[in-house]
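Below is structure05.pdb, which holds PDB, N, CA and C atoms.
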ATOM      1  N   MET D   1      95.719 123.731  19.909
ATOM      2  CA  MET D   1      95.550 124.425  21.171
ATOM      3  C   MET D   1      94.948 125.808  20.947
ATOM      4  N   GLU D   2      95.334 126.448  19.850
ATOM      5  CA  GLU D   2      94.766 127.758  19.547
ATOM      6  C   GLU D   2      93.252 127.669  19.366
ATOM      7  N   ILE D   3      92.798 126.619  18.702
ATOM      8  CA  ILE D   3      91.352 126.429  18.519
ATOM      9  C   ILE D   3      90.676 126.229  19.867
ATOM     10  N   TYR D   4      91.270 125.399  20.716
ATOM     11  CA  TYR D   4      90.728 125.135  22.043
ATOM     12  C   TYR D   4      90.626 126.428  22.848
ATOM     13  N   GLU D   5      91.706 127.209  22.872
ATOM     14  CA  GLU D   5      91.707 128.461  23.618
ATOM     15  C   GLU D   5      90.704 129.453  23.045
ATOM     16  N   SER D   6      90.552 129.468  21.727
ATOM     17  CA  SER D   6      89.574 130.345  21.079
ATOM     18  C   SER D   6      88.153 129.973  21.497
ATOM     19  N   LEU D   7      87.865 128.671  21.508
ATOM     20  CA  LEU D   7      86.537 128.213  21.938
ATOM     21  C   LEU D   7      86.285 128.546  23.399
ATOM     22  N   LEU D   8      87.292 128.371  24.238
ATOM     23  CA  LEU D   8      87.157 128.704  25.652
ATOM     24  C   LEU D   8      86.882 130.192  25.827
ATOM     25  N   LYS D   9      87.631 131.026  25.112
ATOM     26  CA  LYS D   9      87.433 132.474  25.203
ATOM     27  C   LYS D   9      86.015 132.854  24.777
ATOM     28  N   GLU D  10      85.542 132.236  23.699
ATOM     29  CA  GLU D  10      84.182 132.511  23.234
ATOM     30  C   GLU D  10      83.155 132.080  24.271
ATOM     31  N   PHE D  11      83.353 130.897  24.852
ATOM     32  CA  PHE D  11      82.447 130.393  25.890
ATOM     33  C   PHE D  11      82.414 131.352  27.076
ATOM     34  N   LEU D  12      83.569 131.778  27.528
ATOM     35  CA  LEU D  12      83.628 132.669  28.682
ATOM     36  C   LEU D  12      83.024 134.033  28.368
ATOM     37  N   SER D  13      83.194 134.515  27.144
ATOM     38  CA  SER D  13      82.584 135.797  26.791
ATOM     39  C   SER D  13      81.072 135.673  26.733
ATOM     40  N   ASP D  14      80.568 134.513  26.325
ATOM     41  CA  ASP D  14      79.118 134.285  26.343
ATOM     42  C   ASP D  14      78.584 134.342  27.767
ATOM     43  N   LEU D  15      79.361 133.874  28.720
ATOM     44  CA  LEU D  15      78.940 133.914  30.117
ATOM     45  C   LEU D  15      78.786 135.338  30.628
ATOM     46  N   GLU D  16      79.583 136.252  30.088
ATOM     47  CA  GLU D  16      79.543 137.640  30.536
ATOM     48  C   GLU D  16      78.166 138.280  30.328
ATOM     49  N   ILE D  17      77.457 137.863  29.286
ATOM     50  CA  ILE D  17      76.156 138.473  28.999
ATOM     51  C   ILE D  17      75.016 137.764  29.717
ATOM     52  N   MET D  18      75.308 136.651  30.366
ATOM     53  CA  MET D  18      74.274 135.899  31.064
ATOM     54  C   MET D  18      74.171 136.386  32.507
ATOM     55  N   PRO D  19      72.966 136.334  33.063
ATOM     56  CA  PRO D  19      72.788 136.819  34.435
ATOM     57  C   PRO D  19      73.634 136.062  35.464
ATOM     58  N   LYS D  20      73.754 134.742  35.308
ATOM     59  CA  LYS D  20      74.464 133.953  36.308
ATOM     60  C   LYS D  20      75.978 134.005  36.096
ATOM     61  N   LYS D  21      76.418 134.026  34.888
ATOM     62  CA  LYS D  21      77.817 134.180  34.494
ATOM     63  C   LYS D  21      78.715 132.984  34.755
ATOM     64  N   ALA D  22      78.215 131.896  35.281
ATOM     65  CA  ALA D  22      79.064 130.727  35.508
ATOM     66  C   ALA D  22      78.184 129.479  35.630
ATOM     67  N   PRO D  23      78.744 128.335  35.286
ATOM     68  CA  PRO D  23      77.988 127.098  35.480
ATOM     69  C   PRO D  23      77.831 126.806  36.979
ATOM     70  N   ASP D  24      76.840 125.990  37.318
ATOM     71  CA  ASP D  24      76.647 125.610  38.718
ATOM     72  C   ASP D  24      77.781 124.727  39.221
ATOM     73  N   VAL D  25      78.290 123.898  38.330
ATOM     74  CA  VAL D  25      79.337 122.964  38.713
ATOM     75  C   VAL D  25      80.118 122.538  37.471
ATOM     76  N   MET D  26      81.397 122.239  37.656
ATOM     77  CA  MET D  26      82.234 121.666  36.597
ATOM     78  C   MET D  26      82.380 120.187  36.925
ATOM     79  N   ILE D  27      82.032 119.328  35.996
ATOM     80  CA  ILE D  27      82.264 117.904  36.173
ATOM     81  C   ILE D  27      83.502 117.552  35.359
ATOM     82  N   TYR D  28      84.551 117.204  36.076
ATOM     83  CA  TYR D  28      85.854 116.898  35.467
ATOM     84  C   TYR D  28      85.963 115.393  35.307
ATOM     85  N   LEU D  29      85.986 114.940  34.072
ATOM     86  CA  LEU D  29      86.125 113.524  33.761
ATOM     87  C   LEU D  29      87.615 113.220  33.661
ATOM     88  N   LYS D  30      88.189 112.783  34.774
ATOM     89  CA  LYS D  30      89.626 112.552  34.870
ATOM     90  C   LYS D  30      89.935 111.076  34.639
ATOM     91  N   GLY D  31      90.934 110.823  33.816
ATOM     92  CA  GLY D  31      91.307 109.444  33.566
ATOM     93  C   GLY D  31      92.684 109.329  32.956
ATOM     94  N   SER D  32      93.166 108.097  32.895
ATOM     95  CA  SER D  32      94.448 107.843  32.250
ATOM     96  C   SER D  32      94.328 108.184  30.766
ATOM     97  N   PHE D  33      95.461 108.409  30.148
ATOM     98  CA  PHE D  33      95.439 108.755  28.731
ATOM     99  C   PHE D  33      94.830 107.622  27.908
ATOM    100  N   ASP D  34      95.129 106.377  28.252
ATOM    101  CA  ASP D  34      94.557 105.237  27.527
ATOM    102  C   ASP D  34      93.037 105.217  27.626
ATOM    103  N   THR D  35      92.509 105.501  28.810
ATOM    104  CA  THR D  35      91.053 105.530  28.978
ATOM    105  C   THR D  35      90.434 106.667  28.180
ATOM    106  N   VAL D  36      91.072 107.822  28.211
ATOM    107  CA  VAL D  36      90.566 108.968  27.445
ATOM    108  C   VAL D  36      90.502 108.621  25.962
ATOM    109  N   LEU D  37      91.555 108.026  25.440
ATOM    110  CA  LEU D  37      91.553 107.634  24.024
ATOM    111  C   LEU D  37      90.458 106.613  23.736
ATOM    112  N   GLU D  38      90.280 105.657  24.632
ATOM    113  CA  GLU D  38      89.243 104.639  24.448
ATOM    114  C   GLU D  38      87.856 105.275  24.421
ATOM    115  N   ARG D  39      87.601 106.224  25.303
ATOM    116  CA  ARG D  39      86.294 106.900  25.336
ATOM    117  C   ARG D  39      86.071 107.716  24.066
ATOM    118  N   ILE D  40      87.113 108.338  23.558
ATOM    119  CA  ILE D  40      86.994 109.080  22.297
ATOM    120  C   ILE D  40      86.620 108.117  21.173
ATOM    121  N   LYS D  41      87.277 106.974  21.139
ATOM    122  CA  LYS D  41      86.968 105.965  20.115
ATOM    123  C   LYS D  41      85.539 105.455  20.259
ATOM    124  N   GLU D  42      85.083 105.253  21.491
ATOM    125  CA  GLU D  42      83.721 104.755  21.742
ATOM    126  C   GLU D  42      82.655 105.718  21.227
ATOM    127  N   ARG D  43      82.954 107.011  21.220
ATOM    128  CA  ARG D  43      81.975 107.982  20.703
ATOM    129  C   ARG D  43      81.702 107.739  19.225
ATOM    130  N   GLY D  44      82.701 107.206  18.533
ATOM    131  CA  GLY D  44      82.505 106.833  17.139
ATOM    132  C   GLY D  44      82.505 107.964  16.142
ATOM    133  N   ARG D  45      83.037 109.092  16.503
ATOM    134  CA  ARG D  45      83.118 110.214  15.566
ATOM    135  C   ARG D  45      84.400 110.057  14.755
ATOM    136  N   SER D  46      84.256 109.743  13.488
ATOM    137  CA  SER D  46      85.428 109.427  12.661
ATOM    138  C   SER D  46      86.461 110.549  12.650
ATOM    139  N   TYR D  47      86.014 111.782  12.684
ATOM    140  CA  TYR D  47      86.949 112.908  12.637
ATOM    141  C   TYR D  47      87.742 113.056  13.936
ATOM    142  N   GLU D  48      87.351 112.346  15.020
ATOM    143  CA  GLU D  48      88.076 112.428  16.278
ATOM    144  C   GLU D  48      89.094 111.296  16.468
ATOM    145  N   ILE D  49      89.038 110.274  15.630
ATOM    146  CA  ILE D  49      89.873 109.098  15.887
ATOM    147  C   ILE D  49      91.037 108.933  14.905
ATOM    148  N   ALA D  50      91.354 109.958  14.180
ATOM    149  CA  ALA D  50      92.497 109.901  13.264
ATOM    150  C   ALA D  50      93.782 109.731  14.076
ATOM    151  N   PRO D  51      94.644 108.819  13.668
ATOM    152  CA  PRO D  51      95.892 108.572  14.410
ATOM    153  C   PRO D  51      96.767 109.812  14.613
ATOM    154  N   ASP D  52      96.712 110.740  13.680
ATOM    155  CA  ASP D  52      97.545 111.939  13.828
ATOM    156  C   ASP D  52      97.045 112.892  14.920
ATOM    157  N   LEU D  53      95.889 112.607  15.524
ATOM    158  CA  LEU D  53      95.380 113.439  16.613
ATOM    159  C   LEU D  53      95.884 112.990  17.987
ATOM    160  N   VAL D  54      96.505 111.825  18.065
ATOM    161  CA  VAL D  54      96.931 111.289  19.363
ATOM    162  C   VAL D  54      97.893 112.245  20.072
ATOM    163  N   ASP D  55      98.841 112.794  19.357
ATOM    164  CA  ASP D  55      99.779 113.742  19.983
ATOM    165  C   ASP D  55      99.054 114.990  20.473
ATOM    166  N   TYR D  56      98.092 115.468  19.724
ATOM    167  CA  TYR D  56      97.292 116.632  20.137
ATOM    168  C   TYR D  56      96.510 116.317  21.408
ATOM    169  N   TYR D  57      95.860 115.160  21.446
ATOM    170  CA  TYR D  57      95.109 114.771  22.647
ATOM    171  C   TYR D  57      96.031 114.662  23.850
ATOM    172  N   HIS D  58      97.208 114.113  23.640
ATOM    173  CA  HIS D  58      98.147 113.994  24.760
ATOM    174  C   HIS D  58      98.590 115.376  25.233
ATOM    175  N   PHE D  59      98.802 116.283  24.316
ATOM    176  CA  PHE D  59      99.172 117.660  24.657
ATOM    177  C   PHE D  59      98.118 118.290  25.561
ATOM    178  N   LEU D  60      96.851 118.121  25.232
ATOM    179  CA  LEU D  60      95.773 118.664  26.058
ATOM    180  C   LEU D  60      95.678 117.933  27.390
ATOM    181  N   TRP D  61      95.720 116.602  27.330
ATOM    182  CA  TRP D  61      95.529 115.770  28.517
ATOM    183  C   TRP D  61      96.597 116.004  29.584
ATOM    184  N   LYS D  62      97.850 116.139  29.181
ATOM    185  CA  LYS D  62      98.945 116.196  30.154
ATOM    186  C   LYS D  62      98.870 117.414  31.081
ATOM    187  N   ASP D  63      98.290 118.493  30.652
ATOM    188  CA  ASP D  63      98.215 119.697  31.485
ATOM    189  C   ASP D  63      96.808 120.029  31.973
ATOM    190  N   TYR D  64      95.832 119.239  31.576
ATOM    191  CA  TYR D  64      94.455 119.572  31.926
ATOM    192  C   TYR D  64      94.222 119.486  33.426
ATOM    193  N   ASP D  65      94.803 118.499  34.093
ATOM    194  CA  ASP D  65      94.656 118.357  35.534
ATOM    195  C   ASP D  65      95.157 119.602  36.262
ATOM    196  N   THR D  66      96.291 120.102  35.835
ATOM    197  CA  THR D  66      96.846 121.316  36.435
ATOM    198  C   THR D  66      95.928 122.501  36.189
ATOM    199  N   TRP D  67      95.416 122.622  34.965
ATOM    200  CA  TRP D  67      94.523 123.742  34.650
ATOM    201  C   TRP D  67      93.273 123.699  35.517
ATOM    202  N   ILE D  68      92.676 122.522  35.633
ATOM    203  CA  ILE D  68      91.458 122.390  36.446
ATOM    204  C   ILE D  68      91.724 122.786  37.889
ATOM    205  N   ASN D  69      92.801 122.289  38.451
ATOM    206  CA  ASN D  69      93.063 122.483  39.878
ATOM    207  C   ASN D  69      93.687 123.821  40.233
ATOM    208  N   LYS D  70      94.313 124.484  39.278
ATOM    209  CA  LYS D  70      94.986 125.753  39.604
ATOM    210  C   LYS D  70      94.360 126.974  38.944
ATOM    211  N   SER D  71      93.654 126.776  37.829
ATOM    212  CA  SER D  71      93.165 127.932  37.085
ATOM    213  C   SER D  71      91.647 128.059  37.051
ATOM    214  N   TYR D  72      90.943 126.949  37.128
ATOM    215  CA  TYR D  72      89.487 127.019  37.010
ATOM    216  C   TYR D  72      88.878 127.418  38.353
ATOM    217  N   THR D  73      88.180 128.542  38.353
ATOM    218  CA  THR D  73      87.595 129.048  39.596
ATOM    219  C   THR D  73      86.130 129.456  39.436
ATOM    220  N   ALA D  74      85.537 129.199  38.296
ATOM    221  CA  ALA D  74      84.188 129.696  38.020
ATOM    222  C   ALA D  74      83.102 128.996  38.825
ATOM    223  N   SER D  75      83.351 127.760  39.265
ATOM    224  CA  SER D  75      82.333 127.012  40.005
ATOM    225  C   SER D  75      83.002 125.851  40.735
ATOM    226  N   PRO D  76      82.250 125.206  41.641
ATOM    227  CA  PRO D  76      82.799 124.009  42.286
ATOM    228  C   PRO D  76      83.089 122.927  41.242
ATOM    229  N   ILE D  77      84.011 122.033  41.587
ATOM    230  CA  ILE D  77      84.423 120.969  40.670
ATOM    231  C   ILE D  77      84.093 119.612  41.281
ATOM    232  N   ILE D  78      83.421 118.773  40.511
ATOM    233  CA  ILE D  78      83.231 117.368  40.870
ATOM    234  C   ILE D  78      84.149 116.575  39.955
ATOM    235  N   THR D  79      85.081 115.819  40.546
ATOM    236  CA  THR D  79      86.010 115.021  39.755
ATOM    237  C   THR D  79      85.507 113.591  39.694
ATOM    238  N   LEU D  80      85.357 113.084  38.492
ATOM    239  CA  LEU D  80      84.891 111.726  38.266
ATOM    240  C   LEU D  80      86.024 110.928  37.633
ATOM    241  N   ASP D  81      86.482 109.888  38.322
ATOM    242  CA  ASP D  81      87.568 109.047  37.828
ATOM    243  C   ASP D  81      87.008 108.075  36.796
ATOM    244  N   VAL D  82      87.243 108.361  35.527
ATOM    245  CA  VAL D  82      86.678 107.532  34.458
ATOM    246  C   VAL D  82      87.438 106.229  34.254
ATOM    247  N   ASP D  83      88.557 106.047  34.968
ATOM    248  CA  ASP D  83      89.227 104.753  34.952
ATOM    249  C   ASP D  83      88.433 103.738  35.782
ATOM    250  N   LYS D  84      87.677 104.248  36.751
ATOM    251  CA  LYS D  84      86.926 103.388  37.669
ATOM    252  C   LYS D  84      85.415 103.496  37.493
ATOM    253  N   THR D  85      84.969 104.482  36.736
ATOM    254  CA  THR D  85      83.540 104.780  36.618
ATOM    255  C   THR D  85      83.148 104.889  35.150
ATOM    256  N   ASP D  86      82.001 104.308  34.817
ATOM    257  CA  ASP D  86      81.487 104.393  33.443
ATOM    258  C   ASP D  86      80.010 104.767  33.511
ATOM    259  N   ILE D  87      79.745 106.072  33.493
ATOM    260  CA  ILE D  87      78.368 106.536  33.649
ATOM    261  C   ILE D  87      77.496 106.279  32.422
ATOM    262  N   LEU D  88      78.110 106.012  31.293
ATOM    263  CA  LEU D  88      77.327 105.744  30.087
ATOM    264  C   LEU D  88      76.811 104.307  30.042
ATOM    265  N   ASN D  89      77.627 103.369  30.482
ATOM    266  CA  ASN D  89      77.279 101.960  30.333
ATOM    267  C   ASN D  89      76.957 101.255  31.642
ATOM    268  N   ASN D  90      77.106 101.928  32.773
ATOM    269  CA  ASN D  90      76.874 101.303  34.065
ATOM    270  C   ASN D  90      75.854 102.127  34.849
ATOM    271  N   LEU D  91      74.655 101.579  35.002
ATOM    272  CA  LEU D  91      73.571 102.292  35.674
ATOM    273  C   LEU D  91      73.936 102.644  37.112
ATOM    274  N   LYS D  92      74.599 101.741  37.821
ATOM    275  CA  LYS D  92      74.982 102.007  39.212
ATOM    276  C   LYS D  92      75.923 103.209  39.292
ATOM    277  N   ASP D  93      76.909 103.271  38.406
ATOM    278  CA  ASP D  93      77.820 104.420  38.377
ATOM    279  C   ASP D  93      77.065 105.710  38.105
ATOM    280  N   ARG D  94      76.123 105.663  37.199
ATOM    281  CA  ARG D  94      75.328 106.843  36.857
ATOM    282  C   ARG D  94      74.507 107.310  38.060
ATOM    283  N   GLN D  95      73.888 106.375  38.750
ATOM    284  CA  GLN D  95      73.070 106.709  39.918
ATOM    285  C   GLN D  95      73.928 107.308  41.042
ATOM    286  N   GLU D  96      75.145 106.771  41.222
ATOM    287  CA  GLU D  96      76.029 107.308  42.257
ATOM    288  C   GLU D  96      76.441 108.732  41.920
ATOM    289  N   LEU D  97      76.693 109.018  40.666
ATOM    290  CA  LEU D  97      77.054 110.377  40.267
ATOM    291  C   LEU D  97      75.909 111.341  40.539
ATOM    292  N   VAL D  98      74.714 110.968  40.159
ATOM    293  CA  VAL D  98      73.557 111.822  40.352
ATOM    294  C   VAL D  98      73.312 112.071  41.850
ATOM    295  N   ALA D  99      73.482 111.005  42.648
ATOM    296  CA  ALA D  99      73.282 111.139  44.101
ATOM    297  C   ALA D  99      74.290 112.125  44.680
TER
END

Do you think you could lay out the structure here as structure tokens?
Amino acid sequence: MEIYESLLKEFLSDLEIMPKKAPDVMIYLKGSFDTVLERIKERGRSYEIAPDLVDYYHFLWKDYDTWINKSYTASPIITLDVDKTDILNNLKDRQELVA
């Protein structure tokens, strides 16, 4: 979590020097923990799929919804339910998101 917070702080400080200072929109990929784990595995990055990371991922996942809805204010939020939508493998889902 310290690494995550450090990266977030660095990202936000980078925004301070930019003219716009915030993204146009936050796309929140919301899903069940099982779906999140499956998507991580699908990426195929060996360093992300170690079994000892499951507790860490759950730690982040369990409070992320609250953080998005109560703390994130930099831009509008589009929530995409990844339990029902697969923008990588389903062209129709991708087109609906873009629309």

Report as a tab-separated table: every residue of region 3-37 of chain D with an atom at most 12 Å from region 90-98 of chain D, its closest pair of atoms, and their distance in Å to one decimal, counting only C-alpha atoms, with rows sorted by chain and ascending residue number.
residue	atom	partner	partner_atom	distance
D:Ile27	CA	D:Leu97	CA	10.0
D:Tyr28	CA	D:Leu97	CA	12.0
D:Leu29	CA	D:Leu97	CA	11.6

Take the residues from that selection and put them in a file with N, CA and C atoms, as a short mmCIF file (atom, residue, chain, number, x, y, z; two decimals), keeping the file's coordinate frame.
data_model
loop_
_atom_site.label_atom_id
_atom_site.label_comp_id
_atom_site.auth_asym_id
_atom_site.auth_seq_id
_atom_site.Cartn_x
_atom_site.Cartn_y
_atom_site.Cartn_z
N ILE D 27 82.03 119.33 36.00
CA ILE D 27 82.26 117.90 36.17
C ILE D 27 83.50 117.55 35.36
N TYR D 28 84.55 117.20 36.08
CA TYR D 28 85.85 116.90 35.47
C TYR D 28 85.96 115.39 35.31
N LEU D 29 85.99 114.94 34.07
CA LEU D 29 86.12 113.52 33.76
C LEU D 29 87.62 113.22 33.66
#

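Residue neighbourhood of Pro23 (chain D), excluding near-sequence residues (fewer than 4 positions): Leu15, Ala74, Ser75 and Pro76 of chain D, at 8 Å, using only N, CA and C atoms.
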
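Taking only N, CA and C atoms into account, those protein, DNA and RNA residues with any atom at most 6 Å away from (91.4, 117.4, 22.2) amount to Tyr56, Tyr57 and Leu60 of chain D.
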
Report as a list in words: the residues of region 49-90 of chain D with a DSSP assignment of strand (DSSP E or B), based on the backbone of this structure.
Ile77, Ile78, Thr79, Leu80 and Asp81 of chain D

If you keep N, CA and C atoms, can you produce a file of those selected residues as a compact mmCIF listing (two decimals), in the coordinates of the input?
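After the write, result.txt holds the following:
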# COMPACT_ATOMS: atom_id res chain seq x y z
N ILE D 77 84.01 122.03 41.59
CA ILE D 77 84.42 120.97 40.67
C ILE D 77 84.09 119.61 41.28
N ILE D 78 83.42 118.77 40.51
CA ILE D 78 83.23 117.37 40.87
C ILE D 78 84.15 116.58 39.96
N THR D 79 85.08 115.82 40.55
CA THR D 79 86.01 115.02 39.76
C THR D 79 85.51 113.59 39.69
N LEU D 80 85.36 113.08 38.49
CA LEU D 80 84.89 111.73 38.27
C LEU D 80 86.02 110.93 37.63
N ASP D 81 86.48 109.89 38.32
CA ASP D 81 87.57 109.05 37.83
C ASP D 81 87.01 108.08 36.80
